[in-house]
file input.txt (compact mmCIF, C-alpha atoms and all ligand atoms)
# COMPACT_ATOMS: atom_id res chain seq x y z
CA MET A 137 -33.78 47.79 33.25
CA ALA A 138 -37.38 47.29 34.41
CA ALA A 139 -39.57 50.42 34.77
CA VAL A 140 -37.88 52.63 37.30
CA THR A 141 -38.81 55.31 39.74
CA ARG A 142 -37.04 58.63 40.00
CA ALA A 143 -35.49 57.59 43.33
CA HIS A 144 -34.18 54.39 41.82
CA TRP A 145 -32.85 56.24 38.76
CA GLU A 146 -31.06 58.77 40.93
CA LYS A 147 -29.56 56.03 43.08
CA GLU A 148 -28.27 54.24 39.97
CA LEU A 149 -26.72 57.50 38.69
CA ALA A 150 -25.05 58.10 42.07
CA GLN A 151 -23.65 54.56 41.97
CA LEU A 152 -22.33 55.13 38.44
CA GLU A 153 -20.69 58.37 39.54
CA ALA A 154 -19.10 56.61 42.50
CA PHE A 155 -17.89 53.83 40.20
CA LEU A 156 -16.32 56.37 37.82
CA LYS A 157 -14.65 58.06 40.73
CA ALA A 158 -13.16 54.74 41.80
CA HIS A 159 -12.19 53.79 38.27
CA PRO A 160 -11.17 57.05 36.57
CA LEU A 161 -10.65 56.81 32.82
CA ALA A 162 -7.35 58.62 33.13
CA ALA A 163 -6.04 55.64 35.09
CA ALA A 164 -6.82 53.05 32.41
CA SER A 165 -3.43 51.47 31.92
CA ASP A 166 -3.84 50.35 28.33
CA LEU A 167 -6.21 50.47 25.40
CA ALA A 168 -7.86 47.17 26.36
CA ALA A 169 -8.62 48.34 29.92
CA LEU A 170 -10.00 51.60 28.53
CA ASP A 171 -12.29 49.77 26.13
CA GLU A 172 -13.52 47.50 28.92
CA LEU A 173 -14.52 50.58 30.90
CA ARG A 174 -16.16 52.15 27.87
CA VAL A 175 -18.27 49.03 27.23
CA ALA A 176 -19.24 48.80 30.90
CA VAL A 177 -20.52 52.39 30.95
CA LEU A 178 -21.39 53.39 27.41
CA GLY A 179 -21.79 50.02 25.66
CA ARG A 180 -25.15 48.83 24.40
CA SER A 181 -26.06 47.53 27.85
CA GLY A 182 -23.66 49.79 29.73
CA SER A 183 -24.79 51.42 32.94
CA LEU A 184 -25.14 54.95 31.53
CA THR A 185 -26.82 53.69 28.35
CA SER A 186 -29.36 51.86 30.55
CA LEU A 187 -29.98 55.00 32.60
CA LEU A 188 -30.56 57.03 29.44
CA LYS A 189 -32.97 54.41 28.17
CA ALA A 190 -34.79 54.34 31.52
CA LEU A 191 -35.56 58.06 31.28
CA LYS A 192 -38.58 57.13 29.18
CA ASP A 193 -40.23 55.65 32.31
CA LEU A 194 -40.01 58.94 34.20
CA SER A 195 -42.44 61.81 34.20
CA LEU A 196 -41.99 64.65 31.76
CA ASP A 197 -40.74 66.96 34.50
CA ASP A 198 -38.24 64.36 35.76
CA LYS A 199 -37.07 63.75 32.20
CA LYS A 200 -36.53 67.48 31.72
CA GLU A 201 -34.59 67.73 34.93
CA LEU A 202 -32.57 64.48 34.89
CA GLY A 203 -32.14 63.98 31.12
CA PRO A 204 -29.56 66.79 30.64
CA LYS A 205 -27.61 65.52 33.70
CA ALA A 206 -27.18 62.06 32.17
CA GLN A 207 -26.55 63.52 28.73
CA SER A 208 -23.81 65.82 29.94
CA LEU A 209 -22.18 62.94 31.83
CA ARG A 210 -22.15 61.00 28.60
CA VAL A 211 -20.57 63.89 26.65
CA ASP A 212 -17.89 64.25 29.33
CA LEU A 213 -17.19 60.52 29.30
CA ASP A 214 -16.93 60.42 25.50
CA ALA A 215 -14.40 63.25 25.55
CA ALA A 216 -12.40 61.68 28.39
CA ILE A 217 -12.28 58.33 26.59
CA GLU A 218 -11.06 59.93 23.37
CA ALA A 219 -8.37 61.90 25.21
CA ARG A 220 -7.08 58.87 27.12
CA LYS A 221 -7.16 56.79 23.95
CA ALA A 222 -5.00 59.33 22.12
CA GLU A 223 -2.53 59.36 25.04
CA LEU A 224 -2.26 55.59 25.14
CA GLU A 225 -1.87 55.35 21.37
CA ALA A 226 0.90 57.96 21.32
CA ALA A 227 2.71 56.14 24.12
CA SER A 228 2.48 52.83 22.33
CA ASP A 229 3.71 54.38 19.03
CA LEU A 230 6.69 55.76 20.86
CA ALA A 231 7.42 52.45 22.51
CA LEU A 232 7.15 50.75 19.14
CA SER A 233 9.49 53.17 17.41
CA SER A 234 12.10 53.02 20.15
CA GLU A 235 11.95 49.22 19.96
CA ASP A 236 12.61 49.52 16.22
CA ALA A 237 15.48 51.92 16.81
CA LEU A 238 17.37 49.30 18.73
CA ASP A 239 18.34 47.12 15.80
CA LEU A 240 21.42 45.28 16.96
CA THR A 241 22.06 43.99 13.45
CA LEU A 242 22.69 47.46 12.00
CA PRO A 243 26.34 48.32 11.29
CA ALA A 244 27.93 50.64 13.87
CA TYR A 245 28.33 54.35 13.07
CA ALA A 246 31.77 55.10 11.64
CA PRO A 247 33.60 57.45 14.03
CA ALA A 248 33.95 60.96 12.56
CA ARG A 249 37.52 61.41 11.33
CA GLY A 250 39.31 64.67 11.80
CA ARG A 251 41.26 66.40 9.06
CA VAL A 252 44.34 68.51 9.03
CA HIS A 253 43.45 71.99 7.75
CA PRO A 254 44.63 72.39 4.13
CA LEU A 255 46.85 75.32 5.15
CA THR A 256 48.49 73.20 7.86
CA SER A 257 49.14 70.33 5.45
CA THR A 258 50.56 72.73 2.86
CA LEU A 259 52.79 74.31 5.47
CA GLU A 260 53.95 70.87 6.61
CA GLU A 261 54.72 69.89 3.04
CA MET A 262 56.73 73.08 2.46
CA THR A 263 58.74 72.82 5.67
CA GLY A 264 59.24 69.07 5.08
CA ILE A 265 60.91 69.78 1.73
CA LEU A 266 63.00 72.63 3.10
CA SER A 267 64.17 70.59 6.06
CA LEU A 268 65.35 67.86 3.64
CA MET A 269 67.32 70.64 1.93
CA GLY A 270 69.09 71.46 5.18
CA PHE A 271 66.97 74.33 6.54
CA SER A 272 66.27 74.21 10.26
CA TRP A 273 63.16 75.50 12.02
CA ALA A 274 63.09 79.06 13.41
CA GLU A 275 60.28 81.09 14.92
CA GLY A 276 59.47 84.60 16.05
CA PRO A 277 56.55 86.33 17.78
CA LEU A 278 53.50 87.65 15.90
CA ALA A 279 53.71 90.96 17.76
CA GLU A 280 57.11 92.27 16.68
CA SER A 281 59.26 95.29 17.34
CA ASP A 282 59.42 98.07 14.76
CA ASP A 283 63.17 97.44 14.63
CA ASN A 284 62.92 93.80 13.60
CA ASN A 285 59.97 94.22 11.24
CA PHE A 286 61.38 97.34 9.54
CA THR A 287 64.53 99.17 10.64
CA LYS A 288 66.99 96.30 10.79
CA LEU A 289 65.60 95.05 7.48
CA ASN A 290 66.86 98.27 5.92
CA ILE A 291 63.47 100.03 6.09
CA PRO A 292 64.19 103.07 8.24
CA GLU A 293 61.43 105.22 9.72
CA HIS A 294 59.71 107.40 7.11
CA HIS A 295 61.07 105.22 4.29
CA PRO A 296 58.37 104.90 1.62
CA ALA A 297 58.87 101.12 1.54
CA ARG A 298 57.04 100.95 4.88
CA GLY A 299 53.91 101.54 2.81
CA MET A 300 54.42 98.17 1.03
CA PHE A 301 54.14 96.48 4.41
CA ASP A 302 51.54 98.57 6.25
CA THR A 303 50.29 96.80 9.34
CA PHE A 304 48.20 96.92 12.53
CA TYR A 305 49.72 98.80 15.44
CA LEU A 306 49.00 97.89 19.06
CA GLU A 307 47.56 100.42 21.48
CA ASN A 308 49.76 101.30 24.46
CA SER A 309 52.59 99.18 23.09
CA PRO A 310 55.59 99.87 20.86
CA LEU A 311 54.93 96.50 19.15
CA LEU A 312 53.18 95.94 15.83
CA MET A 313 51.74 92.87 14.11
CA ARG A 314 54.53 91.55 11.90
CA THR A 315 53.89 92.03 8.19
CA HIS A 316 56.18 89.25 7.01
CA THR A 317 58.30 86.44 8.39
CA SER A 318 61.47 88.38 7.51
CA PRO A 319 61.98 89.69 11.12
CA VAL A 320 62.80 86.07 12.03
CA GLN A 321 65.91 86.52 9.82
CA ILE A 322 67.05 89.23 12.23
CA ARG A 323 66.23 87.16 15.32
CA ALA A 324 68.04 84.09 13.96
CA MET A 325 71.14 86.07 12.92
CA GLU A 326 71.30 87.93 16.22
CA THR A 327 71.25 84.69 18.21
CA SER A 328 73.69 82.61 16.16
CA ARG A 329 76.86 82.98 14.15
CA PRO A 330 77.11 82.11 10.45
CA PRO A 331 76.93 79.85 8.50
CA LEU A 332 73.19 79.63 8.95
CA ARG A 333 70.32 78.00 7.09
CA ILE A 334 66.83 78.52 8.55
CA MET A 335 63.19 78.35 7.53
CA ALA A 336 60.63 80.41 9.45
CA PRO A 337 56.99 79.50 8.91
CA GLY A 338 54.23 81.56 10.48
CA ARG A 339 51.33 83.97 10.44
CA VAL A 340 51.66 87.52 9.18
CA PHE A 341 49.37 90.57 9.05
CA ARG A 342 48.75 93.30 6.50
CA HIS A 343 46.61 96.41 6.55
CA GLU A 344 45.20 95.42 3.22
CA ALA A 345 41.88 95.16 1.38
CA VAL A 346 40.70 91.55 1.33
CA ASP A 347 39.84 89.95 -2.02
CA ALA A 348 40.00 86.52 -3.68
CA THR A 349 43.82 86.44 -3.55
CA HIS A 350 44.64 88.82 -0.67
CA SER A 351 43.97 88.37 3.01
CA ALA A 352 44.75 90.71 5.91
CA VAL A 353 46.02 87.70 7.89
CA PHE A 354 47.91 85.01 6.02
CA HIS A 355 50.97 82.76 6.28
CA GLN A 356 54.45 82.80 4.91
CA VAL A 357 57.51 80.61 5.00
CA GLU A 358 60.78 82.48 5.12
CA GLY A 359 64.06 80.95 3.99
CA LEU A 360 67.51 82.33 4.86
CA TYR A 361 70.92 80.98 3.96
CA ILE A 362 74.11 82.75 5.05
CA ASP A 363 77.57 81.46 4.23
CA LYS A 364 80.70 82.50 2.39
CA ASN A 365 80.33 83.12 -1.35
CA VAL A 366 76.59 82.54 -1.57
CA THR A 367 75.43 83.68 -5.01
CA PHE A 368 72.23 84.26 -6.92
CA ALA A 369 72.83 80.87 -8.57
CA ASP A 370 72.47 79.22 -5.14
CA LEU A 371 69.16 81.01 -4.62
CA LYS A 372 67.94 80.02 -8.07
CA GLY A 373 68.96 76.37 -7.67
CA THR A 374 67.37 76.16 -4.21
CA LEU A 375 64.05 77.65 -5.35
CA ASP A 376 63.97 75.52 -8.52
CA VAL A 377 64.24 72.35 -6.44
CA PHE A 378 61.78 73.66 -3.82
CA MET A 379 59.12 74.44 -6.45
CA GLN A 380 59.69 71.19 -8.36
CA LYS A 381 59.27 69.18 -5.17
CA LEU A 382 56.08 71.10 -4.39
CA PHE A 383 54.45 71.11 -7.81
CA GLY A 384 56.16 68.38 -9.84
CA ALA A 385 59.36 67.88 -11.84
CA GLN A 386 58.01 69.69 -14.92
CA THR A 387 57.66 72.98 -12.97
CA LYS A 388 59.73 75.92 -14.23
CA THR A 389 60.61 79.08 -12.31
CA ARG A 390 61.07 82.62 -13.60
CA PHE A 391 62.89 85.40 -11.75
CA ARG A 392 61.75 88.95 -12.47
CA PRO A 393 63.74 91.94 -11.18
CA SER A 394 61.96 93.53 -8.26
CA TYR A 395 62.56 95.62 -5.18
CA PHE A 396 62.74 94.69 -1.52
CA PRO A 397 64.72 96.97 0.82
CA PHE A 398 66.32 93.97 2.55
CA THR A 399 67.67 92.23 -0.57
CA GLU A 400 69.89 93.38 -3.42
CA PRO A 401 69.36 92.28 -6.12
CA SER A 402 65.73 91.36 -5.50
CA ALA A 403 63.33 89.25 -7.52
CA GLU A 404 59.72 88.19 -7.73
CA VAL A 405 59.63 84.50 -8.47
CA ASP A 406 56.95 83.02 -10.71
CA VAL A 407 56.24 79.35 -11.43
CA SER A 408 54.91 78.02 -14.71
CA CYS A 409 51.11 77.85 -14.51
CA LEU A 410 50.01 74.46 -13.22
CA PHE A 411 46.61 74.70 -14.84
CA CYS A 412 47.76 75.23 -18.44
CA ALA A 413 51.42 74.05 -18.17
CA GLY A 414 52.51 77.52 -19.26
CA SER A 415 50.43 77.88 -22.41
CA GLY A 416 48.16 80.62 -20.94
CA CYS A 417 44.74 80.42 -19.26
CA PRO A 418 42.38 82.69 -17.24
CA ILE A 419 44.01 81.65 -13.94
CA CYS A 420 47.47 82.88 -14.98
CA LYS A 421 45.83 85.78 -16.82
CA HIS A 422 47.10 84.23 -20.08
CA SER A 423 50.73 84.85 -19.12
CA GLY A 424 51.65 81.20 -18.46
CA TRP A 425 53.17 82.22 -15.08
CA ILE A 426 51.94 82.61 -11.52
CA GLU A 427 53.66 84.88 -9.00
CA LEU A 428 54.45 83.07 -5.75
CA LEU A 429 57.25 84.64 -3.76
CA GLY A 430 59.78 87.35 -3.18
CA ALA A 431 63.50 86.67 -2.91
CA GLY A 432 66.99 88.10 -3.28
CA LEU A 433 70.51 88.32 -1.92
CA VAL A 434 70.61 89.64 1.63
CA HIS A 435 71.36 93.38 1.60
CA PRO A 436 74.73 94.32 3.20
CA ASN A 437 72.89 96.78 5.48
CA VAL A 438 70.88 93.87 6.95
CA LEU A 439 74.10 91.93 7.59
CA LYS A 440 75.62 95.01 9.26
CA ALA A 441 72.52 95.47 11.45
CA VAL A 442 73.12 92.03 13.01
CA ASP A 443 76.88 92.46 13.16
CA TYR A 444 77.79 90.09 10.31
CA ASP A 445 80.68 91.36 8.17
CA PRO A 446 79.31 91.76 4.62
CA GLN A 447 82.86 91.45 3.24
CA VAL A 448 82.98 87.91 4.59
CA TRP A 449 79.42 86.70 4.61
CA SER A 450 76.76 86.71 1.96
CA GLY A 451 73.42 85.01 1.67
CA PHE A 452 70.04 84.71 0.10
CA ALA A 453 66.52 84.97 1.51
CA PHE A 454 63.04 84.30 0.25
CA GLY A 455 59.47 84.66 1.55
CA VAL A 456 56.66 82.61 0.09
CA GLY A 457 52.92 82.83 0.75
CA VAL A 458 51.46 79.56 2.08
CA GLU A 459 47.89 80.36 0.97
CA ARG A 460 49.00 81.02 -2.60
CA ILE A 461 50.76 77.64 -2.71
CA ALA A 462 47.73 75.89 -1.17
CA MET A 463 45.40 77.56 -3.68
CA LEU A 464 47.51 76.28 -6.56
CA ARG A 465 47.99 72.77 -5.21
CA LEU A 466 44.33 72.29 -4.28
CA GLY A 467 42.69 74.34 -7.03
CA VAL A 468 41.10 76.80 -4.56
CA LYS A 469 39.97 79.97 -6.30
CA ASP A 470 39.20 82.20 -3.28
CA ILE A 471 41.64 82.64 -0.38
CA ARG A 472 38.75 83.42 2.03
CA ALA A 473 37.57 79.78 1.82
CA PHE A 474 40.51 78.78 4.05
CA TYR A 475 39.29 80.85 6.99
CA GLU A 476 35.53 80.26 6.95
CA ASN A 477 35.61 76.81 8.61
CA ASP A 478 32.88 75.57 6.29
CA MET A 479 32.92 71.79 6.63
CA ARG A 480 31.69 71.39 3.03
CA PHE A 481 34.92 73.05 1.91
CA LEU A 482 37.26 71.36 4.38
CA GLU A 483 35.85 67.86 3.82
CA GLN A 484 36.97 67.92 0.20
CA PHE A 485 40.59 67.39 1.14
CA ASP A 486 40.65 63.67 1.86
CA GLU A 487 44.43 63.55 1.60
CA ASN A 488 44.37 65.47 4.88
CA LEU A 489 42.45 62.77 6.82
CA VAL A 490 44.11 61.83 10.08
C1 LIG B 1 57.47 89.89 1.52
O1 LIG B 1 56.67 89.73 2.40
C2 LIG B 1 58.93 89.72 1.72
N1 LIG B 1 59.24 89.69 3.12
C3 LIG B 1 59.42 88.47 1.02
C4 LIG B 1 60.89 88.36 0.94
C5 LIG B 1 61.59 87.65 1.91
C6 LIG B 1 61.57 88.99 -0.08
C7 LIG B 1 62.98 87.57 1.87
C8 LIG B 1 62.96 88.92 -0.16
C9 LIG B 1 63.64 88.19 0.83
P1 LIG B 1 55.63 90.16 -0.32
O2 LIG B 1 54.90 91.24 0.32
O3 LIG B 1 55.74 90.17 -1.81
O4 LIG B 1 57.09 90.07 0.23
O5 LIG B 1 54.99 88.77 0.13
C10 LIG B 1 55.58 87.54 -0.18
C11 LIG B 1 54.52 86.54 -0.62
O6 LIG B 1 53.47 86.49 0.36
C12 LIG B 1 53.79 86.93 -1.91
O7 LIG B 1 54.52 86.51 -3.04
C13 LIG B 1 52.51 86.19 -1.76
O8 LIG B 1 52.67 84.82 -2.07
C14 LIG B 1 52.23 86.31 -0.28
N2 LIG B 1 51.33 87.43 0.02
C15 LIG B 1 51.65 88.75 0.08
N3 LIG B 1 50.59 89.49 0.43
C16 LIG B 1 49.57 88.62 0.61
C17 LIG B 1 48.19 88.74 1.01
N4 LIG B 1 47.68 89.92 1.33
N5 LIG B 1 47.44 87.64 1.09
C18 LIG B 1 47.98 86.43 0.82
N6 LIG B 1 49.25 86.23 0.45
C19 LIG B 1 50.05 87.31 0.35
call {"tool": "encode", "arguments": {"input": "input.txt", "output": "structure tokens", "more": "lines below"}}
Ligand code: FA5
result
Amino acid sequence: MAAVTRAHWEKELAQLEAFLKAHPLAAASDLAALDELRVAVLGRSGSLTSLLKALKDLSLDDKKELGPKAQSLRVDLDAAIEARKAELEAASDLALSSEDALDLTLPAYAPARGRVHPLTSTLEEMTGILSLMGFSWAEGPLAESDDNNFTKLNIPEHHPARGMFDTFYLENSPLLMRTHTSPVQIRAMETSRPPLRIMAPGRVFRHEAVDATHSAVFHQVEGLYIDKNVTFADLKGTLDVFMQKLFGAQTKTRFRPSYFPFTEPSAEVDVSCLFCAGSGCPICKHSGWIELLGAGLVHPNVLKAVDYDPQVWSGFAFGVGVERIAMLRLGVKDIRAFYENDMRFLEQFDENLV
């Protein structure tokens, strides 16, 4: 720029400001357009650079007055250019990465496969075996009458055996949460005439402290067989086959005398420990046996309660815990793992893939 006057300098600055108004930096559509603007204004022979250089031709007073104006315009422009540059770069990075994301040659995502819950698959396995042995499906409600859960099972009111099966009582209702699947025996016998062979799988509730092997809500499968001349040998043979089908042909059962008000005689049934084949280990507490179920011959008082003549009919019943079976089959050491819905636990059971 040739030597300039103050008027000329001010006119040039006004023109530059008008130009910047017409071509705002924020509107630069890409990095190249932004750089073009930068060179035109701030480049070596850019319009603002020229104005700054031309200040030397002005008087000291003019320099003092106009110099800061031009300088502050330059600072503003520098900042605006940097800001717009960052914006444009971020946008182009994003565009680049989303272009990369669309790689049509990548293999498709495998659809997530659902699994049957290990308790469901164990229950299905148990009822599958029993149905092959001639037991048919029976069900009852979770909220049961006191009669079916206790009285008709030969546990009258105030009988101390009620303590073995303490439960949750419902407010404003005579019903209680059933403590075992045994009330389904009563329901089945009251609605059909003998002979009868049923299995009753389902959820049960106990007012009980929870630990690694006890839950307050768990599952049982009940078995009931009523016919003429049913003996303890029938019960033993049935449970031997049931356990061998569940755990393998080498499995042995052991019947220990026990007490249930609704069976006489009664037994706790143990199976030979699957982890040590009966030789003794920490899981079976070095006994070689694991307790799995309760069983016995149906008490005559139970038959009388449903109007079956105990002189004619006899039968056996058993109740087995589904969680205990699942823990043994799957090597699960804490019953609570079944209810926590932790995918890391559930995903281990690939046999349950659907
Ligand atoms: C009963 O519930 C009887 N109704 C079983 C029965 C039926 C006996 C028919 C005779 C004739 P018991 O309370 O022992 O009995 O429970 C039976 C099985 O349920 C136990 O062997 C165990 O496998 C399981 N079980 C009992 N309590 C719990 C609990 N808190 N958590 C998980 N499983 C349990």
call {"tool": "residues_near_ligand", "arguments": {"input": "input.txt", "ligand": "ligand LIG 1 (chain B)", "cutoff": "8 Å", "atoms": "all atoms listed in the file", "output": "PDB file with C-alpha atoms, in the coordinates of the input"}}
result
ATOM      1  CA  MET A 300      54.420  98.170   1.030  1.00  0.00           C
ATOM      2  CA  PHE A 301      54.140  96.480   4.410  1.00  0.00           C
ATOM      3  CA  THR A 315      53.890  92.030   8.190  1.00  0.00           C
ATOM      4  CA  HIS A 316      56.180  89.250   7.010  1.00  0.00           C
ATOM      5  CA  THR A 317      58.300  86.440   8.390  1.00  0.00           C
ATOM      6  CA  SER A 318      61.470  88.380   7.510  1.00  0.00           C
ATOM      7  CA  PHE A 341      49.370  90.570   9.050  1.00  0.00           C
ATOM      8  CA  ARG A 342      48.750  93.300   6.500  1.00  0.00           C
ATOM      9  CA  GLU A 344      45.200  95.420   3.220  1.00  0.00           C
ATOM     10  CA  ALA A 345      41.880  95.160   1.380  1.00  0.00           C
ATOM     11  CA  VAL A 346      40.700  91.550   1.330  1.00  0.00           C
ATOM     12  CA  THR A 349      43.820  86.440  -3.550  1.00  0.00           C
ATOM     13  CA  HIS A 350      44.640  88.820  -0.670  1.00  0.00           C
ATOM     14  CA  SER A 351      43.970  88.370   3.010  1.00  0.00           C
ATOM     15  CA  ALA A 352      44.750  90.710   5.910  1.00  0.00           C
ATOM     16  CA  VAL A 353      46.020  87.700   7.890  1.00  0.00           C
ATOM     17  CA  PHE A 354      47.910  85.010   6.020  1.00  0.00           C
ATOM     18  CA  HIS A 355      50.970  82.760   6.280  1.00  0.00           C
ATOM     19  CA  GLN A 356      54.450  82.800   4.910  1.00  0.00           C
ATOM     20  CA  GLU A 358      60.780  82.480   5.120  1.00  0.00           C
ATOM     21  CA  GLY A 359      64.060  80.950   3.990  1.00  0.00           C
ATOM     22  CA  LEU A 360      67.510  82.330   4.860  1.00  0.00           C
ATOM     23  CA  PHE A 396      62.740  94.690  -1.520  1.00  0.00           C
ATOM     24  CA  PHE A 398      66.320  93.970   2.550  1.00  0.00           C
ATOM     25  CA  THR A 399      67.670  92.230  -0.570  1.00  0.00           C
ATOM     26  CA  SER A 402      65.730  91.360  -5.500  1.00  0.00           C
ATOM     27  CA  ALA A 403      63.330  89.250  -7.520  1.00  0.00           C
ATOM     28  CA  GLU A 404      59.720  88.190  -7.730  1.00  0.00           C
ATOM     29  CA  VAL A 405      59.630  84.500  -8.470  1.00  0.00           C
ATOM     30  CA  GLU A 427      53.660  84.880  -9.000  1.00  0.00           C
ATOM     31  CA  LEU A 428      54.450  83.070  -5.750  1.00  0.00           C
ATOM     32  CA  LEU A 429      57.250  84.640  -3.760  1.00  0.00           C
ATOM     33  CA  GLY A 430      59.780  87.350  -3.180  1.00  0.00           C
ATOM     34  CA  ALA A 431      63.500  86.670  -2.910  1.00  0.00           C
ATOM     35  CA  GLY A 432      66.990  88.100  -3.280  1.00  0.00           C
ATOM     36  CA  LEU A 433      70.510  88.320  -1.920  1.00  0.00           C
ATOM     37  CA  VAL A 434      70.610  89.640   1.630  1.00  0.00           C
ATOM     38  CA  PHE A 452      70.040  84.710   0.100  1.00  0.00           C
ATOM     39  CA  ALA A 453      66.520  84.970   1.510  1.00  0.00           C
ATOM     40  CA  PHE A 454      63.040  84.300   0.250  1.00  0.00           C
ATOM     41  CA  GLY A 455      59.470  84.660   1.550  1.00  0.00           C
ATOM     42  CA  VAL A 456      56.660  82.610   0.090  1.00  0.00           C
ATOM     43  CA  GLY A 457      52.920  82.830   0.750  1.00  0.00           C
ATOM     44  CA  VAL A 458      51.460  79.560   2.080  1.00  0.00           C
ATOM     45  CA  GLU A 459      47.890  80.360   0.970  1.00  0.00           C
ATOM     46  CA  ARG A 460      49.000  81.020  -2.600  1.00  0.00           C
ATOM     47  CA  ILE A 461      50.760  77.640  -2.710  1.00  0.00           C
ATOM     48  CA  ILE A 471      41.640  82.640  -0.380  1.00  0.00           C
TER      49      ILE A 471
END
call {"tool": "closest_residue", "arguments": {"input": "input.txt", "among": "A:Leu191, A:Leu209, A:Val442, A:Leu289", "to": "Ala150 in chain A", "atoms": "all atoms listed in the file"}}
result
A:Leu209
call {"tool": "atom_distance", "arguments": {"input": "input.txt", "atom1": "CA of Arg390 in chain A", "atom2": "CA of Ala413 in chain A"}}
result
13.7 Å
call {"tool": "atom_distance", "arguments": {"input": "input.txt", "atom1": "CA of Leu238 in chain A", "atom2": "CA of Ala169 in chain A"}}
result
28.3 Å
call {"tool": "residues_near_point", "arguments": {"input": "input.txt", "point": "(72.6, 80.7, 3.6)", "cutoff": "7 Å", "atoms": "only C-alpha atoms", "output": "ChimeraX atom specification"}}
result
/A:331-333,360-363,366,451-452
call {"tool": "write_last_selection", "arguments": {"input": "input.txt", "atoms": "C-alpha atoms", "output": "PDB file, keeping the file's coordinate frame"}}
result
ATOM      1  CA  PRO A 331      76.930  79.850   8.500  1.00  0.00           C
ATOM      2  CA  LEU A 332      73.190  79.630   8.950  1.00  0.00           C
ATOM      3  CA  ARG A 333      70.320  78.000   7.090  1.00  0.00           C
ATOM      4  CA  LEU A 360      67.510  82.330   4.860  1.00  0.00           C
ATOM      5  CA  TYR A 361      70.920  80.980   3.960  1.00  0.00           C
ATOM      6  CA  ILE A 362      74.110  82.750   5.050  1.00  0.00           C
ATOM      7  CA  ASP A 363      77.570  81.460   4.230  1.00  0.00           C
ATOM      8  CA  VAL A 366      76.590  82.540  -1.570  1.00  0.00           C
ATOM      9  CA  GLY A 451      73.420  85.010   1.670  1.00  0.00           C
ATOM     10  CA  PHE A 452      70.040  84.710   0.100  1.00  0.00           C
TER      11      PHE A 452
END
call {"tool": "closest_residue", "arguments": {"input": "input.txt", "among": "A:Gln151, A:Gln447, A:Gln380, A:Thr263", "to": "Ser183 in chain A", "atoms": "all atoms listed in the file"}}
result
A:Gln151
call {"tool": "atom_distance", "arguments": {"input": "input.txt", "atom1": "CA of Ala274 in chain A", "atom2": "CA of Glu307 in chain A"}}
result
27.6 Å
call {"tool": "residues_around", "arguments": {"input": "input.txt", "residues": "Lys192 in chain A", "least_positions_apart": "4", "cutoff": "12 Å", "atoms": "all atoms listed in the file", "output": "PyMOL selection string"}}
result
chain A and resi 137-142+145+186-188+196-200+202-203
call {"tool": "residues_around", "arguments": {"input": "input.txt", "residues": "range 154-165 of chain A", "least_positions_apart": "5", "cutoff": "7 Å", "atoms": "only C-alpha atoms", "output": "MDAnalysis selection string"}}
result
chainID A and resid 170 216:217 220
call {"tool": "residues_around", "arguments": {"input": "input.txt", "residues": "Val175 in chain A", "least_positions_apart": "3", "cutoff": "12 Å", "atoms": "all atoms listed in the file", "output": "mmCIF file with C-alpha atoms, keeping the file's coordinate frame"}}
result
data_model
loop_
_atom_site.group_PDB
_atom_site.id
_atom_site.type_symbol
_atom_site.label_atom_id
_atom_site.label_comp_id
_atom_site.auth_asym_id
_atom_site.auth_seq_id
_atom_site.Cartn_x
_atom_site.Cartn_y
_atom_site.Cartn_z
ATOM 1 C CA ALA A 168 -7.860 47.170 26.360
ATOM 2 C CA ALA A 169 -8.620 48.340 29.920
ATOM 3 C CA LEU A 170 -10.000 51.600 28.530
ATOM 4 C CA ASP A 171 -12.290 49.770 26.130
ATOM 5 C CA GLU A 172 -13.520 47.500 28.920
ATOM 6 C CA LEU A 178 -21.390 53.390 27.410
ATOM 7 C CA GLY A 179 -21.790 50.020 25.660
ATOM 8 C CA ARG A 180 -25.150 48.830 24.400
ATOM 9 C CA SER A 181 -26.060 47.530 27.850
ATOM 10 C CA GLY A 182 -23.660 49.790 29.730
ATOM 11 C CA SER A 183 -24.790 51.420 32.940
ATOM 12 C CA LEU A 184 -25.140 54.950 31.530
ATOM 13 C CA THR A 185 -26.820 53.690 28.350
ATOM 14 C CA SER A 186 -29.360 51.860 30.550
ATOM 15 C CA LEU A 213 -17.190 60.520 29.300
ATOM 16 C CA ASP A 214 -16.930 60.420 25.500
ATOM 17 C CA ILE A 217 -12.280 58.330 26.590
#
call {"tool": "residues_around", "arguments": {"input": "input.txt", "residues": "Leu311 in chain A", "least_positions_apart": "6", "cutoff": "7 Å", "atoms": "all atoms listed in the file", "output": "JSON list (two decimals) with C-alpha atoms, keeping the file's coordinate frame"}}
result
[["chain", "number", "residue", "atom", "x", "y", "z"],
["A", 279, "ALA", "CA", 53.71, 90.96, 17.76],
["A", 280, "GLU", "CA", 57.11, 92.27, 16.68],
["A", 281, "SER", "CA", 59.26, 95.29, 17.34],
["A", 282, "ASP", "CA", 59.42, 98.07, 14.76],
["A", 305, "TYR", "CA", 49.72, 98.80, 15.44]]
call {"tool": "closest_residue", "arguments": {"input": "input.txt", "among": "A:Pro397, A:Glu146, A:Gly276, A:Val320", "to": "Leu194 in chain A", "atoms": "all atoms listed in the file"}}
result
A:Glu146
call {"tool": "closest_residue", "arguments": {"input": "input.txt", "among": "A:Ser408, A:Thr241, A:Thr374, A:Asn365", "to": "Thr389 in chain A", "atoms": "all atoms listed in the file"}}
result
A:Ser408
call {"tool": "closest_residue", "arguments": {"input": "input.txt", "among": "A:Ala244, A:Ala473, A:Ile322, A:Val448", "to": "Lys364 in chain A", "atoms": "all atoms listed in the file"}}
result
A:Val448
